$ cat model30.tsv   # TSV, C-alpha atoms
chain	number	residue	atom	x	y	z
A	186	MET	CA	95.40	112.22	106.06
A	187	ASP	CA	98.68	114.03	105.64
A	188	THR	CA	101.03	111.06	105.33
A	189	PRO	CA	101.00	108.19	102.83
A	190	TRP	CA	101.28	105.68	105.69
A	191	ARG	CA	98.00	106.86	107.21
A	192	ARG	CA	96.25	106.76	103.82
A	193	PHE	CA	97.54	103.22	103.32
A	194	LEU	CA	96.28	102.13	106.73
A	195	LEU	CA	92.91	103.80	106.20
A	196	PHE	CA	92.46	102.25	102.74
A	197	TRP	CA	93.45	98.70	103.73
A	198	GLY	CA	91.92	98.90	107.19
A	199	THR	CA	88.49	99.95	105.96
A	200	ALA	CA	88.62	97.34	103.17
A	201	ALA	CA	89.57	94.57	105.61
A	202	GLY	CA	86.88	95.69	108.05
A	203	ALA	CA	84.22	95.88	105.35
A	204	GLY	CA	85.19	92.48	103.95
A	205	SER	CA	85.07	90.93	107.40
A	206	TYR	CA	81.79	92.64	108.27
A	207	ALA	CA	80.16	91.64	104.98
A	208	GLY	CA	80.97	87.98	105.61
A	209	ILE	CA	83.56	87.58	102.88
A	210	ARG	CA	86.17	86.33	105.36
A	211	VAL	CA	83.72	83.73	106.66
A	212	TRP	CA	83.02	82.64	103.08
A	213	PHE	CA	86.75	82.23	102.39
A	214	SER	CA	87.17	80.44	105.75
A	215	GLN	CA	85.01	77.58	104.48
A	216	TRP	CA	87.94	76.60	102.27
A	217	ALA	CA	90.79	77.68	104.52
A	218	ASN	CA	89.64	75.72	107.58
A	219	ASP	CA	89.40	72.36	105.82
A	220	PRO	CA	92.33	72.15	103.41
A	221	VAL	CA	92.27	68.37	103.12
A	222	HIS	CA	88.83	68.19	101.54
A	223	GLN	CA	88.58	71.64	99.94
A	224	VAL	CA	91.92	71.93	98.17
A	225	ASP	CA	90.64	70.48	94.88
A	226	GLY	CA	87.88	73.09	94.75
A	227	VAL	CA	90.29	75.89	95.59
A	228	LEU	CA	92.71	74.81	92.86
A	229	ALA	CA	89.84	74.52	90.39
A	230	TYR	CA	88.69	78.01	91.39
A	231	ALA	CA	92.20	79.43	91.00
A	232	ILE	CA	92.67	77.84	87.58
A	233	THR	CA	89.24	79.05	86.46
A	234	LEU	CA	89.86	82.63	87.54
A	235	SER	CA	93.37	82.65	86.07
A	236	ALA	CA	92.29	81.13	82.75
A	237	PHE	CA	89.39	83.56	82.42
A	238	THR	CA	91.61	86.56	83.16
A	239	ILE	CA	94.28	85.41	80.71
A	240	GLY	CA	91.61	84.82	78.06
A	241	VAL	CA	90.16	88.30	78.54
A	242	LEU	CA	93.63	89.87	78.41
A	243	LEU	CA	94.58	87.94	75.27
A	244	PHE	CA	91.42	88.83	73.41
A	245	ARG	CA	91.05	92.38	74.71
A	246	ALA	CA	91.85	93.84	71.30
A	247	THR	CA	88.84	92.15	69.74
A	248	THR	CA	85.31	93.15	70.56
A	249	PHE	CA	83.59	90.65	72.77
A	250	ASN	CA	79.97	89.91	72.42
A	251	PRO	CA	78.31	88.54	75.56
A	252	PHE	CA	78.05	85.02	74.14
A	253	ALA	CA	81.81	84.83	73.48
A	254	LEU	CA	82.54	86.06	76.99
A	255	PHE	CA	80.17	83.46	78.44
A	256	GLY	CA	81.81	80.78	76.29
A	257	LEU	CA	85.21	81.81	77.59
A	258	LEU	CA	83.90	81.58	81.16
A	259	VAL	CA	82.50	78.08	80.52
A	260	LEU	CA	85.77	76.97	78.91
A	261	SER	CA	87.84	78.28	81.83
A	262	ALA	CA	85.47	76.62	84.34
A	263	TRP	CA	85.89	73.32	82.47
A	264	LEU	CA	89.68	73.73	82.56
A	265	GLY	CA	89.57	74.40	86.29
A	266	SER	CA	87.30	71.50	87.14
A	267	THR	CA	89.22	69.09	84.91
A	268	TYR	CA	92.80	69.93	85.83
A	269	GLY	CA	92.42	71.31	89.37
A	270	PRO	CA	92.38	67.96	91.22
A	271	ASP	CA	95.25	66.57	89.13
A	272	LEU	CA	97.78	69.25	90.01
A	273	LEU	CA	98.34	68.53	93.68
A	274	PRO	CA	99.69	64.93	93.46
A	275	LEU	CA	102.33	66.25	91.06
A	276	ALA	CA	103.61	68.59	93.78
A	277	TYR	CA	104.01	66.00	96.59
A	278	PRO	CA	107.49	64.71	95.60
A	279	HIS	CA	108.83	68.25	95.23
A	280	THR	CA	107.43	69.54	98.50
A	281	ALA	CA	108.66	66.44	100.34
A	282	LYS	CA	112.22	67.43	99.39
A	283	VAL	CA	111.86	70.59	101.51
A	284	GLY	CA	110.22	68.74	104.38
A	285	LEU	CA	106.51	69.42	103.83
A	286	SER	CA	104.02	66.68	104.56
A	287	PRO	CA	101.04	66.12	102.25
A	288	TYR	CA	98.84	67.96	104.76
A	289	SER	CA	101.20	70.96	104.77
A	290	THR	CA	101.30	70.86	100.98
A	291	LYS	CA	97.51	70.96	100.85
A	292	LEU	CA	97.46	73.86	103.31
A	293	LEU	CA	100.04	75.74	101.25
A	294	ALA	CA	98.15	75.07	98.00
A	295	ASN	CA	94.95	76.23	99.68
A	296	ALA	CA	96.54	79.50	100.78
A	297	ILE	CA	98.11	80.11	97.37
A	298	GLY	CA	94.84	79.25	95.64
A	299	LEU	CA	92.86	81.68	97.79
A	300	ILE	CA	95.30	84.58	98.03
A	301	GLY	CA	97.01	84.30	94.63
A	302	PRO	CA	94.09	85.10	92.31
A	303	MET	CA	92.90	87.89	94.60
A	304	ALA	CA	96.38	89.45	94.62
A	305	TRP	CA	96.57	89.13	90.85
A	306	TRP	CA	93.18	90.78	90.48
A	307	MET	CA	94.33	93.56	92.81
A	308	TRP	CA	97.42	93.99	90.64
A	309	LEU	CA	95.30	94.26	87.47
A	310	LEU	CA	93.13	96.95	89.07
A	311	ARG	CA	96.01	98.99	90.49
A	312	ARG	CA	95.46	101.94	88.13
A	313	ARG	CA	91.66	101.88	88.05
A	314	PHE	CA	89.04	103.86	89.91
A	315	TRP	CA	89.61	103.88	93.68
A	316	LEU	CA	86.34	102.10	94.45
A	317	LEU	CA	87.27	99.11	92.26
A	318	ARG	CA	90.67	98.97	93.96
A	319	TRP	CA	88.98	99.15	97.36
A	320	LEU	CA	86.62	96.27	96.52
A	321	ALA	CA	89.53	94.17	95.25
A	322	CYS	CA	91.40	95.11	98.41
A	323	ALA	CA	88.46	93.92	100.52
A	324	LEU	CA	88.54	90.54	98.77
A	325	LEU	CA	92.30	90.22	99.06
A	326	SER	CA	92.45	91.21	102.72
A	327	SER	CA	89.55	88.86	103.53
A	328	SER	CA	91.30	85.94	101.86
A	329	ILE	CA	94.52	86.76	103.74
A	330	LEU	CA	92.63	86.97	107.03
A	331	ALA	CA	90.89	83.65	106.34
A	332	CYS	CA	94.21	81.91	105.76
A	333	VAL	CA	95.97	83.61	108.69
A	334	MET	CA	93.16	82.78	111.10
A	335	PHE	CA	93.26	79.09	110.13
A	336	THR	CA	92.56	76.83	113.05
A	337	THR	CA	92.99	73.09	113.04
A	338	ALA	CA	89.98	70.95	113.78
A	339	PRO	CA	90.02	69.23	117.22
$ encode --input "model30.tsv" --output "structure tokens"
Amino acid sequence: MDTPWRRFLLFWGTAAGAGSYAGIRVWFSQWANDPVHQVDGVLAYAITLSAFTIGVLLFRATTFNPFALFGLLVLSAWLGSTYGPDLLPLAYPHTAKVGLSPYSTKLLANAIGLIGPMAWWMWLLRRRFWLLRWLACALLSSSILACVMFTTAP
């Protein structure tokens, strides 16, 4: 692997292949293929993951005991499940100004909710051990593939 381009292709290609082979893409496709009914869960998941990451980053200086970390996870899950379904109706008037229908808005929110937290996690692990970066890359590439391979139901 003498060029950076080949290393990049090998790293991302093996991560995407491993994520697809392990069934991660199929798992993400459950949400990507039905954006009308699954968008609330995706937004709740995105809010939960974002709130938990922000909480860990804010309180990194203090020493966590396992109970405090679990409490933070429960609090962020409550935030996600409470405020996830309420966010999308607020976006309809703004997305209608640019010509998106409610279905397209749900599809866009679904893609952002699946790819966004994975990309953020990949960004947080950019300077870590290569295996952690590779696992995050497998999740990110699988979520991208699930959204790109979206097919409408007949």
$ residues_around --input "model30.tsv" --residues "Trp306 (chain A)" --least-positions-apart "6" --cutoff "9 Å" --atoms "only C-alpha atoms" --output "list in words"
Thr238, Ala321 and Leu325 of chain A
$ atom_distance --input "model30.tsv" --atom1 "CA of Ile232 (chain A)" --atom2 "CA of Val211 (chain A)"
21.9 Å
$ closest_residue --input "model30.tsv" --among "A:Trp308, A:Trp197, A:Phe237, A:Trp319" --to "Leu264 (chain A)" --atoms "all atoms listed in the file"
A:Phe237
$ closest_residue --input "model30.tsv" --among "A:Ala331, A:Leu324, A:Leu292, A:Leu242" --to "Leu309 (chain A)" --atoms "only C-alpha atoms"
A:Leu242
$ residues_around --input "model30.tsv" --residues "Ala236 (chain A)" --least-positions-apart "4" --cutoff "10 Å" --atoms "only C-alpha atoms" --output "JSON, numbers by chain"
{"A": [230, 231, 232, 240, 241, 242, 257, 258, 260, 261, 262, 264, 265]}
$ write_last_selection --input "model30.tsv" --atoms "C-alpha atoms" --output "compact mmCIF listing (two decimals), keeping the file's coordinate frame"
# COMPACT_ATOMS: atom_id res chain seq x y z
CA TYR A 230 88.69 78.01 91.39
CA ALA A 231 92.20 79.43 91.00
CA ILE A 232 92.67 77.84 87.58
CA GLY A 240 91.61 84.82 78.06
CA VAL A 241 90.16 88.30 78.54
CA LEU A 242 93.63 89.87 78.41
CA LEU A 257 85.21 81.81 77.59
CA LEU A 258 83.90 81.58 81.16
CA LEU A 260 85.77 76.97 78.91
CA SER A 261 87.84 78.28 81.83
CA ALA A 262 85.47 76.62 84.34
CA LEU A 264 89.68 73.73 82.56
CA GLY A 265 89.57 74.40 86.29
$ atom_distance --input "model30.tsv" --atom1 "CA of Ser326 (chain A)" --atom2 "CA of Ala200 (chain A)"
7.2 Å
$ atom_distance --input "model30.tsv" --atom1 "CA of Asp225 (chain A)" --atom2 "CA of Phe255 (chain A)"
23.4 Å
$ closest_residue --input "model30.tsv" --among "A:Ala281, A:Ala304, A:Arg210, A:Ala276" --to "Cys332 (chain A)" --atoms "only C-alpha atoms"
A:Arg210
$ closest_residue --input "model30.tsv" --among "A:Leu228, A:Pro189, A:Ser205, A:Met334" --to "Ala294 (chain A)" --atoms "only C-alpha atoms"
A:Leu228
$ axis_aligned_box --input "model30.tsv" --around "region 188-200 of chain A" --padding-each-side "5 Å" --output "AutoDock Vina command-line options"
--center_x 94.9 --center_y 104.2 --center_z 105.0 --size_x 22.8 --size_y 23.7 --size_z 14.5
$ closest_residue --input "model30.tsv" --among "A:Thr188, A:Arg311, A:Leu299, A:Pro270" --to "Ser328 (chain A)" --atoms "all atoms listed in the file"
A:Leu299
$ residues_around --input "model30.tsv" --residues "Ser266 (chain A)" --least-positions-apart "3" --cutoff "6 Å" --atoms "all atoms listed in the file" --output "ChimeraX atom specification"
/A:229,263,269
$ closest_residue --input "model30.tsv" --among "A:Leu254, A:Arg312, A:Met307, A:Val224" --to "Leu293 (chain A)" --atoms "only C-alpha atoms"
A:Val224
$ decode --input "model30.tsv" --residues "region 260-307 of chain A" --atoms "C-alpha atoms" --output "CSV table (one decimal), in the first residue's frame"
chain,number,residue,atom,x,y,z
A,260,LEU,CA,-31.7,10.4,31.0
A,261,SER,CA,-30.6,10.7,27.4
A,262,ALA,CA,-32.9,7.8,26.3
A,263,TRP,CA,-35.8,9.6,28.0
A,264,LEU,CA,-34.9,12.8,26.2
A,265,GLY,CA,-34.8,11.0,22.9
A,266,SER,CA,-38.1,9.2,23.4
A,267,THR,CA,-39.8,12.3,24.7
A,268,TYR,CA,-38.6,14.9,22.1
A,269,GLY,CA,-37.9,12.7,19.1
A,270,PRO,CA,-41.4,12.6,17.7
A,271,ASP,CA,-42.1,16.3,18.3
A,272,LEU,CA,-39.2,17.6,16.2
A,273,LEU,CA,-40.4,16.6,12.7
A,274,PRO,CA,-43.7,18.6,12.6
A,275,LEU,CA,-41.7,21.7,13.4
A,276,ALA,CA,-39.6,21.2,10.2
A,277,TYR,CA,-42.5,20.8,7.8
A,278,PRO,CA,-43.1,24.5,7.1
A,279,HIS,CA,-39.4,25.2,6.6
A,280,THR,CA,-38.9,22.3,4.2
A,281,ALA,CA,-42.0,23.1,2.3
A,282,LYS,CA,-40.4,26.5,1.4
A,283,VAL,CA,-37.7,24.6,-0.5
A,284,GLY,CA,-40.1,22.3,-2.2
A,285,LEU,CA,-39.9,19.1,-0.1
A,286,SER,CA,-43.1,17.2,0.6
A,287,PRO,CA,-43.7,15.7,4.1
A,288,TYR,CA,-42.6,12.3,2.7
A,289,SER,CA,-39.3,13.8,1.4
A,290,THR,CA,-38.8,15.5,4.8
A,291,LYS,CA,-39.2,12.2,6.6
A,292,LEU,CA,-36.8,10.6,4.2
A,293,LEU,CA,-34.3,13.4,4.8
A,294,ALA,CA,-34.7,13.2,8.5
A,295,ASN,CA,-34.3,9.5,8.4
A,296,ALA,CA,-31.0,9.8,6.5
A,297,ILE,CA,-29.7,12.5,8.8
A,298,GLY,CA,-30.7,10.6,11.9
A,299,LEU,CA,-29.0,7.4,10.7
A,300,ILE,CA,-25.8,8.9,9.1
A,301,GLY,CA,-25.3,11.9,11.4
A,302,PRO,CA,-24.6,10.2,14.7
A,303,MET,CA,-22.4,7.6,13.0
A,304,ALA,CA,-20.4,10.4,11.3
A,305,TRP,CA,-20.1,12.2,14.6
A,306,TRP,CA,-18.9,9.1,16.4
A,307,MET,CA,-16.4,8.5,13.6
